[in-house]
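Q: Below is one structure. I have some questions about it.
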Amino acid sequence: GPLRATFTPCDDGRYTVDFAGRFFKILPFRYSVTLRVVEDRGECVVLAGSSWLGRMFGTFSYRAEADACSFEACYTSKKDAGVFRLSRRGN
């Protein structure tokens, strides 16, 4: 389903990312995660983090690559795994 994200820089190379979207195109979700820069490749950064999404979903771990135009995060949990792919919305 659709996915949106807002990135807010914090301190020490961390970002708060607010995700909003729909699972299976119908079930809405919204949550925030703090991702930290674990590697800076110049034009691309690698970010990592995790978030607790409650007993039903458990802890999700993320590893992502981002540049000025795109963000791709692999996520894993005890019951799920997948990829978030986002691109910068045009002005």
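FYI, nothing fancy with the structure tokens labels: chains A, B, ... in order, residues from 1 per chain, ligands from 1 as they appear.
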Give me, as a list of chain:residue names, all polymer residues having an atom no more than 10 Å from segment 27-31 of chain A, counting only C-alpha atoms and skipping those fewer than 2 positions away in the same chain.
A: A:Gly1, A:Pro2, A:Leu3, A:Arg4, A:Ala5, A:Val17, A:Asp18, A:Phe19, A:Ala20, A:Gly21, A:Arg22, A:Phe23, A:Phe24, A:Lys25, A:Val33, A:Ser51, A:Trp52, A:Leu53
Q: Keeping C-alpha atoms for every residue in the selection just given, could you write it to a file as a PDB file, in the first residue's frame?
A:
ATOM      1  CA  GLY A   1       0.000   0.000   0.000  1.00  0.00           C
ATOM      2  CA  PRO A   2       0.954   3.648   0.019  1.00  0.00           C
ATOM      3  CA  LEU A   3       3.753   4.839   2.280  1.00  0.00           C
ATOM      4  CA  ARG A   4       4.880   8.314   3.342  1.00  0.00           C
ATOM      5  CA  ALA A   5       7.784   9.349   5.536  1.00  0.00           C
ATOM      6  CA  VAL A  17      11.437   9.216  10.730  1.00  0.00           C
ATOM      7  CA  ASP A  18       7.644   9.359  10.901  1.00  0.00           C
ATOM      8  CA  PHE A  19       6.065   6.672   8.712  1.00  0.00           C
ATOM      9  CA  ALA A  20       2.417   6.610   7.662  1.00  0.00           C
ATOM     10  CA  GLY A  21       0.750   4.249   5.239  1.00  0.00           C
ATOM     11  CA  ARG A  22      -1.546   1.275   4.825  1.00  0.00           C
ATOM     12  CA  PHE A  23      -0.879  -2.451   5.113  1.00  0.00           C
ATOM     13  CA  PHE A  24      -2.612  -4.427   2.368  1.00  0.00           C
ATOM     14  CA  LYS A  25      -3.897  -1.077   1.017  1.00  0.00           C
ATOM     15  CA  VAL A  33      11.589   5.454  14.567  1.00  0.00           C
ATOM     16  CA  SER A  51      11.364   0.244  17.153  1.00  0.00           C
ATOM     17  CA  TRP A  52       8.903  -1.589  19.385  1.00  0.00           C
ATOM     18  CA  LEU A  53       5.484  -1.719  17.713  1.00  0.00           C
TER      19      LEU A  53
END
Q: What residues in chain A get the DSSP label strand (DSSP E or B)? Please answer as number ranges by chain.
A: A: 3-9, 14-23, 27-40, 45-52, 59-66, 70-76, 81-87
Q: Please identify all polymer residues within 8 Å of segment 81-88 of chain A, counting only C-alpha atoms, omitting same-chain residues fewer than 2 positions from it, and present them as a list in words.
A: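 Using only C-alpha atoms, the neighbours found are Leu3, Arg4, Ala5, Ala68, Cys69, Ser70, Phe71, Glu72, Ala73, Cys74, Tyr75, Thr76, Ser77, Lys79 and Gly90 of chain A.
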Q: At a cut-off of 12 Å, using only C-alpha atoms, what residues contact segment 13-15 of chain A? Leave out same-chain residues fewer than 6 positions from it and give the result as a PyMOL selection string.
A: chain A and resi 5-7+32-40+45-49+66
Q: Could the residues in this selection be saved with C-alpha atoms as a PDB file, in the first residue's frame?
A:
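This went into again.pdb:
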ATOM      1  CA  ALA A   5       7.784   9.349   5.536  1.00  0.00           C
ATOM      2  CA  THR A   6       8.957  12.596   7.079  1.00  0.00           C
ATOM      3  CA  PHE A   7      12.615  12.852   8.085  1.00  0.00           C
ATOM      4  CA  SER A  32       8.093   6.879  14.395  1.00  0.00           C
ATOM      5  CA  VAL A  33      11.589   5.454  14.567  1.00  0.00           C
ATOM      6  CA  THR A  34      14.969   6.996  15.285  1.00  0.00           C
ATOM      7  CA  LEU A  35      17.587   5.955  12.747  1.00  0.00           C
ATOM      8  CA  ARG A  36      21.280   6.646  13.243  1.00  0.00           C
ATOM      9  CA  VAL A  37      23.894   7.080  10.536  1.00  0.00           C
ATOM     10  CA  VAL A  38      26.180   4.039  10.758  1.00  0.00           C
ATOM     11  CA  GLU A  39      28.162   4.720   7.591  1.00  0.00           C
ATOM     12  CA  ASP A  40      28.686   7.811   5.443  1.00  0.00           C
ATOM     13  CA  VAL A  45      24.413   7.190   4.011  1.00  0.00           C
ATOM     14  CA  VAL A  46      23.590   3.920   5.716  1.00  0.00           C
ATOM     15  CA  LEU A  47      21.145   4.183   8.628  1.00  0.00           C
ATOM     16  CA  ALA A  48      20.064   1.655  11.244  1.00  0.00           C
ATOM     17  CA  GLY A  49      17.624   1.468  14.120  1.00  0.00           C
ATOM     18  CA  ALA A  66      19.555   6.976   1.590  1.00  0.00           C
TER      19      ALA A  66
END
Q: Rounded to one decimal place, report the atom CA of Asp80 of chain A-atom CA of Pro9 of chain A distance in Å.
A: 27.6 Å
